[in-house]
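Content type mmCIF, C-alpha atoms, from the file upload.cif:
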data_data
#
loop_
_atom_site.label_atom_id
_atom_site.label_comp_id
_atom_site.auth_asym_id
_atom_site.auth_seq_id
_atom_site.Cartn_x
_atom_site.Cartn_y
_atom_site.Cartn_z
CA MET A 13 -11.61 103.25 75.65
CA ALA A 14 -13.60 103.93 78.84
CA ALA A 15 -16.82 104.40 76.85
CA LEU A 16 -16.20 101.18 74.92
CA LEU A 17 -15.56 99.23 78.11
CA ALA A 18 -18.62 100.70 79.80
CA GLY A 19 -20.77 99.70 76.85
CA THR A 20 -19.36 96.19 76.87
CA LEU A 21 -19.93 95.79 80.58
CA ALA A 22 -23.50 97.02 80.31
CA THR A 23 -24.32 93.92 78.28
CA SER A 24 -22.28 91.50 80.39
CA PRO A 25 -23.35 89.59 83.51
CA ALA A 26 -22.62 91.70 86.59
CA SER A 27 -20.79 88.84 88.26
CA ALA A 28 -18.34 88.66 85.36
CA ALA A 29 -17.19 92.26 85.47
CA ASP A 30 -17.78 93.70 88.93
CA ARG A 31 -14.33 95.15 89.63
CA LEU A 32 -13.75 96.72 86.21
CA LYS A 33 -17.27 98.17 86.23
CA GLU A 34 -16.65 99.50 89.74
CA ILE A 35 -13.39 101.18 88.67
CA LEU A 36 -15.04 102.86 85.69
CA GLU A 37 -17.98 104.07 87.76
CA ARG A 38 -15.66 105.27 90.53
CA GLY A 39 -13.47 107.07 88.02
CA VAL A 40 -10.38 106.00 89.96
CA VAL A 41 -8.11 102.97 89.85
CA ARG A 42 -6.28 102.26 93.12
CA VAL A 43 -2.86 100.76 92.46
CA GLY A 44 -0.58 99.39 95.19
CA LEU A 45 2.96 100.75 94.71
CA GLN A 46 6.00 100.51 96.92
CA GLY A 47 7.04 103.91 98.23
CA ALA A 48 10.80 103.51 98.59
CA PHE A 49 11.90 101.25 95.75
CA LYS A 50 14.03 103.38 93.45
CA PRO A 51 13.77 103.59 90.47
CA TRP A 52 10.50 101.61 90.34
CA SER A 53 8.45 103.63 92.82
CA PHE A 54 9.87 106.37 95.02
CA PRO A 55 9.10 109.93 96.13
CA ALA A 56 9.58 112.87 93.78
CA PRO A 57 10.72 116.23 95.24
CA ASP A 58 7.07 117.33 95.49
CA GLY A 59 6.14 114.22 97.49
CA THR A 60 4.31 112.39 94.71
CA LEU A 61 5.46 108.96 93.58
CA GLN A 62 7.59 108.49 90.48
CA GLY A 63 9.38 105.62 88.77
CA ILE A 64 8.95 102.71 86.39
CA GLU A 65 6.01 101.07 88.15
CA VAL A 66 4.33 104.44 88.64
CA ASP A 67 4.56 105.02 84.88
CA LEU A 68 3.01 101.59 84.29
CA ALA A 69 0.20 102.39 86.73
CA LYS A 70 -0.41 105.69 84.92
CA SER A 71 -0.68 103.82 81.62
CA VAL A 72 -3.42 101.65 83.13
CA ALA A 73 -5.36 104.69 84.36
CA ASP A 74 -4.91 106.54 81.06
CA THR A 75 -6.12 103.56 79.03
CA LEU A 76 -9.21 103.27 81.20
CA GLY A 77 -9.79 107.01 81.16
CA VAL A 78 -9.79 107.24 84.97
CA LYS A 79 -7.64 108.87 87.62
CA LEU A 80 -4.77 107.04 89.29
CA GLU A 81 -4.81 106.73 93.08
CA PRO A 82 -1.41 105.41 94.21
CA VAL A 83 -1.53 103.46 97.48
CA VAL A 84 1.80 102.87 99.21
CA ILE A 85 2.26 99.20 100.06
CA THR A 86 4.98 97.02 101.56
CA SER A 87 6.05 93.46 100.80
CA ALA A 88 4.18 92.34 103.91
CA ASN A 89 0.83 94.07 103.37
CA ARG A 90 0.38 94.24 99.58
CA ILE A 91 -1.52 90.94 99.28
CA PRO A 92 -3.79 91.61 102.30
CA TYR A 93 -4.58 95.06 100.86
CA LEU A 94 -5.64 93.44 97.58
CA GLN A 95 -7.70 90.77 99.33
CA GLN A 96 -9.39 93.37 101.57
CA GLY A 97 -10.35 95.57 98.62
CA LYS A 98 -8.13 98.50 99.64
CA ILE A 99 -6.52 98.38 96.19
CA ASP A 100 -7.58 97.12 92.78
CA LEU A 101 -4.17 96.16 91.47
CA ILE A 102 -0.62 95.47 92.64
CA ILE A 103 2.31 96.73 90.59
CA GLY A 104 4.87 96.47 93.35
CA GLY A 105 7.96 94.41 92.57
CA MET A 106 6.20 91.14 93.41
CA TYR A 107 7.60 87.80 92.29
CA ASP A 108 5.26 85.48 90.43
CA ALA A 109 5.36 82.39 92.65
CA SER A 110 3.24 79.23 92.70
CA ASP A 111 2.05 79.74 96.28
CA ARG A 112 0.98 83.31 95.51
CA ARG A 113 -1.06 82.13 92.53
CA LYS A 114 -3.34 80.37 95.01
CA ILE A 115 -4.31 83.63 96.72
CA VAL A 116 -4.05 86.41 94.10
CA GLY A 117 -4.64 86.64 90.36
CA MET A 118 -1.16 86.85 88.85
CA ILE A 119 -1.11 88.61 85.48
CA GLU A 120 0.83 87.15 82.57
CA PRO A 121 3.09 88.04 80.90
CA ALA A 122 5.49 89.29 83.57
CA TYR A 123 6.61 92.90 83.30
CA TRP A 124 10.07 92.59 84.89
CA SER A 125 12.59 89.98 86.06
CA SER A 126 15.23 89.90 88.76
CA GLY A 127 16.77 87.66 91.38
CA PRO A 128 18.10 87.75 94.94
CA THR A 129 21.76 88.53 95.51
CA LEU A 130 23.93 90.19 98.16
CA LEU A 131 25.31 93.64 98.92
CA ALA A 132 28.46 93.48 101.05
CA ARG A 133 31.67 95.31 101.82
CA LYS A 134 34.29 94.58 99.19
CA GLY A 135 36.24 91.43 99.94
CA THR A 136 33.84 90.19 102.63
CA ILE A 137 31.91 87.66 100.53
CA LYS A 138 33.19 85.65 97.58
CA ASP A 139 30.63 82.87 97.28
CA TRP A 140 27.08 82.16 98.48
CA LYS A 141 28.46 79.50 100.81
CA ASP A 142 30.31 82.25 102.70
CA ILE A 143 27.10 83.33 104.44
CA ALA A 144 26.55 79.96 106.14
CA ASN A 145 25.99 80.43 109.90
CA LYS A 146 26.49 84.19 109.55
CA PRO A 147 23.97 87.01 110.10
CA VAL A 148 22.45 88.36 106.90
CA CYS A 149 20.12 91.37 106.80
CA GLY A 150 16.92 90.91 104.80
CA LYS A 151 13.45 92.38 104.35
CA GLN A 152 10.31 90.94 105.88
CA GLY A 153 7.98 89.17 103.46
CA ASN A 154 10.45 88.44 100.68
CA TYR A 155 9.80 85.12 98.95
CA TYR A 156 13.40 83.92 99.02
CA ASN A 157 14.10 84.51 102.73
CA LYS A 158 13.21 80.95 103.71
CA GLN A 159 15.35 79.44 100.95
CA VAL A 160 18.41 81.41 102.04
CA GLN A 161 17.86 80.28 105.62
CA THR A 162 17.23 76.60 104.89
CA ASP A 163 19.40 75.96 101.84
CA LEU A 164 22.31 78.27 102.59
CA GLN A 165 22.13 78.12 106.40
CA ALA A 166 22.25 81.90 106.83
CA ASN A 167 21.03 83.52 110.04
CA LEU A 168 18.53 85.97 108.57
CA ILE A 169 17.73 89.19 110.41
CA ALA A 170 14.51 90.50 108.85
CA PHE A 171 13.75 94.23 108.84
CA ALA A 172 10.47 95.98 108.00
CA GLY A 173 12.01 98.20 105.33
CA ASN A 174 14.94 98.52 102.95
CA THR A 175 16.45 101.52 104.73
CA GLU A 176 16.55 99.74 108.09
CA GLY A 177 18.02 96.58 106.56
CA LYS A 178 20.82 98.40 104.77
CA GLU A 179 21.58 100.46 107.85
CA GLY A 180 21.92 97.15 109.68
CA LEU A 181 24.63 96.21 107.19
CA ARG A 182 26.43 99.52 107.68
CA ALA A 183 26.24 99.13 111.46
CA GLY A 184 27.86 95.69 111.32
CA LYS A 185 24.79 93.77 112.41
CA CYS A 186 25.21 91.46 109.42
CA VAL A 187 27.78 90.52 106.79
CA ALA A 188 25.51 91.25 103.82
CA TRP A 189 22.17 92.68 102.71
CA LEU A 190 19.96 90.20 100.85
CA TYR A 191 17.78 91.74 98.16
CA ASP A 192 17.00 91.91 94.42
CA ASP A 193 19.90 92.52 92.07
CA VAL A 194 18.13 95.41 90.35
CA SER A 195 17.82 97.35 93.59
CA ILE A 196 21.38 96.61 94.66
CA MET A 197 22.70 97.76 91.26
CA ALA A 198 20.86 101.05 91.79
CA ASP A 199 22.42 101.39 95.26
CA LEU A 200 25.92 100.75 93.97
CA ALA A 201 25.50 103.61 91.49
CA GLN A 202 25.26 106.01 94.46
CA PRO A 203 28.41 107.53 96.03
CA GLU A 204 27.26 106.55 99.51
CA TRP A 205 27.86 102.88 98.68
CA GLU A 206 31.46 103.24 97.65
CA GLY A 207 33.46 100.38 99.10
CA TYR A 208 30.59 97.91 98.69
CA GLU A 209 29.93 95.38 95.95
CA MET A 210 27.54 92.75 94.61
CA PRO A 211 29.91 89.78 95.01
CA VAL A 212 27.69 86.88 93.95
CA PRO A 213 25.36 86.16 91.00
CA VAL A 214 21.61 85.97 91.50
CA LEU A 215 20.34 82.72 92.99
CA TYR A 216 17.74 82.49 90.20
CA ASN A 217 15.81 84.81 87.90
CA ASN A 218 12.22 85.34 88.87
CA PRO A 219 9.51 87.23 86.97
CA TRP A 220 7.64 90.15 88.53
CA ALA A 221 3.90 90.18 87.92
CA ALA A 222 1.08 92.60 88.41
CA ALA A 223 -1.83 91.08 90.35
CA VAL A 224 -5.59 91.48 90.64
CA PRO A 225 -7.91 89.82 93.17
CA LEU A 226 -7.98 86.06 92.64
CA ASP A 227 -11.66 85.95 91.69
CA GLU A 228 -11.05 88.63 89.04
CA ARG A 229 -8.19 86.83 87.29
CA ASP A 230 -10.34 85.33 84.52
CA LYS A 231 -12.99 88.04 84.47
CA ALA A 232 -13.00 91.42 82.74
CA TRP A 233 -10.52 93.12 85.09
CA GLY A 234 -7.95 90.35 84.86
CA THR A 235 -8.42 90.06 81.10
CA PHE A 236 -7.93 93.81 80.68
CA MET A 237 -4.71 93.74 82.72
CA THR A 238 -3.43 90.75 80.72
CA GLY A 239 -3.82 92.89 77.62
CA MET A 240 -1.95 95.76 79.27
CA ALA A 241 0.92 93.49 80.32
CA TYR A 242 1.13 92.02 76.83
CA ARG A 243 1.33 95.47 75.26
CA TRP A 244 4.00 96.63 77.72
CA GLN A 245 6.18 93.84 76.37
CA ALA A 246 5.18 93.83 72.70
CA SER A 247 5.38 97.61 72.25
CA GLY A 248 8.81 97.95 73.84
CA THR A 249 7.39 100.10 76.66
CA LEU A 250 9.46 98.31 79.29
CA ILE A 251 12.67 98.78 77.32
CA GLU A 252 11.89 102.49 76.98
CA LEU A 253 11.18 102.81 80.70
CA GLY A 254 14.44 101.05 81.55
CA ARG A 255 16.32 103.62 79.48
CA LYS A 256 14.31 106.51 80.93
CA TRP A 257 15.12 105.55 84.51
CA GLY A 258 18.73 104.47 83.89
CA VAL A 259 18.32 100.75 84.55
CA THR A 260 20.68 98.25 82.93
CA LEU A 261 18.36 95.74 81.27
CA SER A 262 19.12 92.05 80.92
CA ASP A 263 18.63 90.11 77.67
CA TRP A 264 15.28 88.93 79.05
CA PHE A 265 13.60 92.19 78.01
CA ALA A 266 14.69 92.03 74.37
CA GLN A 267 13.72 88.35 74.23
CA GLN A 268 10.26 89.04 75.62
CA ASN A 269 9.75 91.98 73.27
CA GLN A 270 10.70 89.86 70.26
CA LYS A 271 8.58 86.93 71.41
CA MET A 272 5.43 89.00 71.94
CA ARG A 273 5.71 91.49 69.12
CA TRP A 274 2.84 90.82 66.76
CA ASP A 275 3.30 90.52 62.99
CA THR A 276 1.65 93.47 61.25
CA SER A 277 3.00 92.72 57.77
CA TYR A 278 -0.42 91.53 56.66
CA LEU A 279 -1.71 95.09 57.06
CA LYS A 280 0.55 96.40 54.29
#

Encoding of this model in structure tokens:
Amino acid sequence: MAALLAGTLATSPASAADRLKEILERGVVRVGLQGAFKPWSFPAPDGTLQGIEVDLAKSVADTLGVKLEPVVITSANRIPYLQQGKIDLIIGGMYDASDRRKIVGMIEPAYWSSGPTLLARKGTIKDWKDIANKPVCGKQGNYYNKQVQTDLQANLIAFAGNTEGKEGLRAGKCVAWLYDDVSIMADLAQPEWEGYEMPVPVLYNNPWAAAVPLDERDKAWGTFMTGMAYRWQASGTLIELGRKWGVTLSDWFAQQNQKMRWDTSYLK
């Protein structure tokens, strides 16, 4: 694959393939991954990163025939890192939003889907309206923070990381922790969160997208990643990874797999 791509790029205008050519020549693809987002990207016992998004990043590197260089990012710095050239690609639990499409090259199709909900002590919250005028712990940089503040009138206390935000909930600084349902489901599977619940449905489902620099979206690098994202869906890779890492998958995954699976009957 790497040899084929290199040959293709050799006959293409340099301006049309700079980043992909650079990655192949470097022999390394730098992928932004969150470092404490279990089971998508989190530390293994030996200190390396593991998880669903790490496996996806490895599939990119393997297909290109290069080494993977994981770069730990946060919700606040992942886009600046991409814009500054510190990373080539984001696979870091990032919502595909219209405002983000103006500054980074969002890759379609999406590779995951989730939505914001609440983690709270059992019996504390029964409806989204129950957080009006009450302190709610959240994470800096999350897309839905402003909506929860303006539409639901919550008093958001934003923390730099997940650990700090959830500790704020435990310490009584807020009535609930605002975050993605997939992460909260993973928390509730741990004994340490006994006595807590996810009392409300997600506000809305939002797709997660990988992202390349904006000026690479329609060039070779963006086109290559579009192909990778398509194959993750069509091949059932995401369904397999969900099972591998013990994630309860919504119907969205089966629907996407069926929608994007190509018809190979003509080959018979």

Take the PyMOL selection byres ((chain A and resi 85-91) around 9), apply it to the structure above, and return the hits as a ChimeraX atom specification.
-> /A:44-47,83-84,92-96,99,102,104-106,112,115-116,151-154,172-173,223,225

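All residues of protein, DNA or RNA that reach within 7 Å of Leu190 of chain A, judged by all atoms listed in the file and not counting those fewer than 2 positions away in the chain, are A:Pro128, A:Thr129, A:Leu130, A:Leu131, A:Val148, A:Cys149, A:Gly150, A:Ala188.
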
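Proximity of A:Asn167, A:Trp52, A:Lys33, A:Gln267 to Leu253 of chain A, computed with all atoms listed in the file, is greatest for A:Trp52.
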
Distance in Å - atom CA of Thr238 of chain A versus atom CA of Val214 of chain A | 27.7 Å

Matched chain/residue IDs from the PyMOL selection byres ((chain A and resi 219) around 10), as a CSV table (one decimal) with C-alpha atoms, in the frame of the given file:
chain,number,residue,atom,x,y,z
A,105,GLY,CA,8.0,94.4,92.6
A,106,MET,CA,6.2,91.1,93.4
A,107,TYR,CA,7.6,87.8,92.3
A,108,ASP,CA,5.3,85.5,90.4
A,109,ALA,CA,5.4,82.4,92.6
A,120,GLU,CA,0.8,87.2,82.6
A,121,PRO,CA,3.1,88.0,80.9
A,122,ALA,CA,5.5,89.3,83.6
A,123,TYR,CA,6.6,92.9,83.3
A,124,TRP,CA,10.1,92.6,84.9
A,125,SER,CA,12.6,90.0,86.1
A,126,SER,CA,15.2,89.9,88.8
A,127,GLY,CA,16.8,87.7,91.4
A,217,ASN,CA,15.8,84.8,87.9
A,218,ASN,CA,12.2,85.3,88.9
A,220,TRP,CA,7.6,90.2,88.5
A,221,ALA,CA,3.9,90.2,87.9
A,264,TRP,CA,15.3,88.9,79.0

Contacts of Pro147 of chain A at 7 Å or less, counting all atoms listed in the file, minus same-chain residues fewer than 3 places along, as JSON, numbers by chain?
-> {"A": [166, 167, 168, 169, 186, 187]}

Shortest interatomic distance to Gly239 of chain A - which of A:Pro51, A:Glu34, A:Ile119, A:Leu101, counting only C-alpha atoms | A:Ile119

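Between atom CA of Val66 of chain A and atom CA of Ser53 of chain A the interatomic distance comes to 5.9 Å.
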
Could you tell me which of A:Pro213, A:Pro57, A:Gly117, A:Gly39 comes closest to Trp140 of chain A if we count all atoms listed in the file?
-> A:Pro213

Take atom CA of Met240 of chain A and atom CA of Ser71 of chain A and report the distance between them in Å, one decimal.
-> 8.5 Å

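With all atoms listed in the file as the atoms that count, the residue of A:Val43, A:Met118, A:Leu164, A:Ala56 with the shortest distance to Glu228 of chain A is A:Met118.
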
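Shortest separation to Ile103 of chain A among A:Lys138, A:Lys158, A:Lys50, A:Arg42 occurs at residue A:Arg42, atoms counted being only C-alpha atoms.
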
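Of the listed residues (A:Ala246, A:Val160, A:Leu61, A:Leu76), A:Ala246 comes nearest to Lys271 of chain A; the distances count only C-alpha atoms.
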
Could you expand the PyMOL selection byres ((chain A and resi 78) around 10) into the explicit residues it covers here, written as an MDAnalysis selection string?
-> chainID A and resid 14 35:41 70 72:77 79:81

Edge lengths and centre in Å to one decimal, as lines of an AutoDock Vina configuration file, of the axis-aligned box that encloses all listed atoms of segment 103-119 of chain A with 8 Å added on every side?
center_x = 1.7
center_y = 88.0
center_z = 91.1
size_x = 28.6
size_y = 33.5
size_z = 27.2

Give me the residues within 9 Å of Trp244 of chain A as a PDB file with C-alpha atoms, in the coordinates of the input, counting all atoms listed in the file and dropping any in the same chain fewer than 5 places off.
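As written to disk, around.pdb reads:
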ATOM      1  CA  LEU A  68       3.010 101.590  84.290  1.00  0.00           C
ATOM      2  CA  TYR A 123       6.610  92.900  83.300  1.00  0.00           C
ATOM      3  CA  GLY A 239      -3.820  92.890  77.620  1.00  0.00           C
ATOM      4  CA  THR A 249       7.390 100.100  76.660  1.00  0.00           C
ATOM      5  CA  LEU A 250       9.460  98.310  79.290  1.00  0.00           C
ATOM      6  CA  ILE A 251      12.670  98.780  77.320  1.00  0.00           C
ATOM      7  CA  ASN A 269       9.750  91.980  73.270  1.00  0.00           C
TER       8      ASN A 269
END

Any chance you could model N, CA, C and O atoms for segment 47-63 of chain A and send them as a PDB file, in the coordinates of the input?
ATOM      1  N   GLY A  47       6.709 102.494  98.119  1.00  0.00           N
ATOM      2  CA  GLY A  47       7.040 103.910  98.230  1.00  0.00           C
ATOM      3  C   GLY A  47       8.514 104.232  98.324  1.00  0.00           C
ATOM      4  O   GLY A  47       8.891 105.409  98.277  1.00  0.00           O
ATOM      5  N   ALA A  48       9.367 103.233  98.447  1.00  0.00           N
ATOM      6  CA  ALA A  48      10.800 103.510  98.590  1.00  0.00           C
ATOM      7  C   ALA A  48      11.601 102.462  97.840  1.00  0.00           C
ATOM      8  O   ALA A  48      12.484 101.811  98.391  1.00  0.00           O
ATOM      9  N   PHE A  49      11.295 102.305  96.564  1.00  0.00           N
ATOM     10  CA  PHE A  49      11.900 101.250  95.750  1.00  0.00           C
ATOM     11  C   PHE A  49      12.428 101.873  94.457  1.00  0.00           C
ATOM     12  O   PHE A  49      11.881 101.679  93.381  1.00  0.00           O
ATOM     13  N   LYS A  50      13.469 102.644  94.581  1.00  0.00           N
ATOM     14  CA  LYS A  50      14.030 103.380  93.450  1.00  0.00           C
ATOM     15  C   LYS A  50      14.737 102.421  92.489  1.00  0.00           C
ATOM     16  O   LYS A  50      15.454 101.526  92.940  1.00  0.00           O
ATOM     17  N   PRO A  51      14.552 102.576  91.181  1.00  0.00           N
ATOM     18  CA  PRO A  51      13.770 103.590  90.470  1.00  0.00           C
ATOM     19  C   PRO A  51      12.374 103.119  90.055  1.00  0.00           C
ATOM     20  O   PRO A  51      11.807 103.641  89.099  1.00  0.00           O
ATOM     21  N   TRP A  52      11.812 102.140  90.738  1.00  0.00           N
ATOM     22  CA  TRP A  52      10.500 101.610  90.340  1.00  0.00           C
ATOM     23  C   TRP A  52       9.361 102.420  90.942  1.00  0.00           C
ATOM     24  O   TRP A  52       8.361 102.662  90.280  1.00  0.00           O
ATOM     25  N   SER A  53       9.485 102.812  92.182  1.00  0.00           N
ATOM     26  CA  SER A  53       8.450 103.630  92.820  1.00  0.00           C
ATOM     27  C   SER A  53       9.071 104.316  94.031  1.00  0.00           C
ATOM     28  O   SER A  53       9.404 103.657  95.016  1.00  0.00           O
ATOM     29  N   PHE A  54       9.209 105.624  93.950  1.00  0.00           N
ATOM     30  CA  PHE A  54       9.870 106.370  95.020  1.00  0.00           C
ATOM     31  C   PHE A  54       9.415 107.828  94.980  1.00  0.00           C
ATOM     32  O   PHE A  54       8.867 108.288  93.976  1.00  0.00           O
ATOM     33  N   PRO A  55       9.617 108.567  96.069  1.00  0.00           N
ATOM     34  CA  PRO A  55       9.100 109.930  96.130  1.00  0.00           C
ATOM     35  C   PRO A  55       9.827 110.902  95.210  1.00  0.00           C
ATOM     36  O   PRO A  55      11.056 110.894  95.111  1.00  0.00           O
ATOM     37  N   ALA A  56       9.046 111.747  94.550  1.00  0.00           N
ATOM     38  CA  ALA A  56       9.580 112.870  93.780  1.00  0.00           C
ATOM     39  C   ALA A  56       9.797 114.032  94.752  1.00  0.00           C
ATOM     40  O   ALA A  56       9.334 113.991  95.901  1.00  0.00           O
ATOM     41  N   PRO A  57      10.500 115.089  94.341  1.00  0.00           N
ATOM     42  CA  PRO A  57      10.720 116.230  95.240  1.00  0.00           C
ATOM     43  C   PRO A  57       9.433 116.840  95.788  1.00  0.00           C
ATOM     44  O   PRO A  57       9.424 117.376  96.902  1.00  0.00           O
ATOM     45  N   ASP A  58       8.333 116.750  95.026  1.00  0.00           N
ATOM     46  CA  ASP A  58       7.070 117.330  95.490  1.00  0.00           C
ATOM     47  C   ASP A  58       6.257 116.369  96.352  1.00  0.00           C
ATOM     48  O   ASP A  58       5.136 116.684  96.763  1.00  0.00           O
ATOM     49  N   GLY A  59       6.814 115.181  96.623  1.00  0.00           N
ATOM     50  CA  GLY A  59       6.140 114.220  97.490  1.00  0.00           C
ATOM     51  C   GLY A  59       5.310 113.186  96.771  1.00  0.00           C
ATOM     52  O   GLY A  59       4.885 112.200  97.376  1.00  0.00           O
ATOM     53  N   THR A  60       5.050 113.393  95.481  1.00  0.00           N
ATOM     54  CA  THR A  60       4.310 112.390  94.710  1.00  0.00           C
ATOM     55  C   THR A  60       5.241 111.227  94.380  1.00  0.00           C
ATOM     56  O   THR A  60       6.460 111.327  94.515  1.00  0.00           O
ATOM     57  N   LEU A  61       4.657 110.124  93.944  1.00  0.00           N
ATOM     58  CA  LEU A  61       5.460 108.960  93.580  1.00  0.00           C
ATOM     59  C   LEU A  61       5.884 109.047  92.118  1.00  0.00           C
ATOM     60  O   LEU A  61       5.144 109.553  91.266  1.00  0.00           O
ATOM     61  N   GLN A  62       7.072 108.546  91.833  1.00  0.00           N
ATOM     62  CA  GLN A  62       7.590 108.490  90.480  1.00  0.00           C
ATOM     63  C   GLN A  62       8.328 107.172  90.294  1.00  0.00           C
ATOM     64  O   GLN A  62       8.651 106.488  91.267  1.00  0.00           O
ATOM     65  N   GLY A  63       8.614 106.824  89.040  1.00  0.00           N
ATOM     66  CA  GLY A  63       9.380 105.620  88.770  1.00  0.00           C
ATOM     67  C   GLY A  63       8.733 104.733  87.726  1.00  0.00           C
ATOM     68  O   GLY A  63       7.666 105.036  87.176  1.00  0.00           O
TER      69      GLY A  63
END
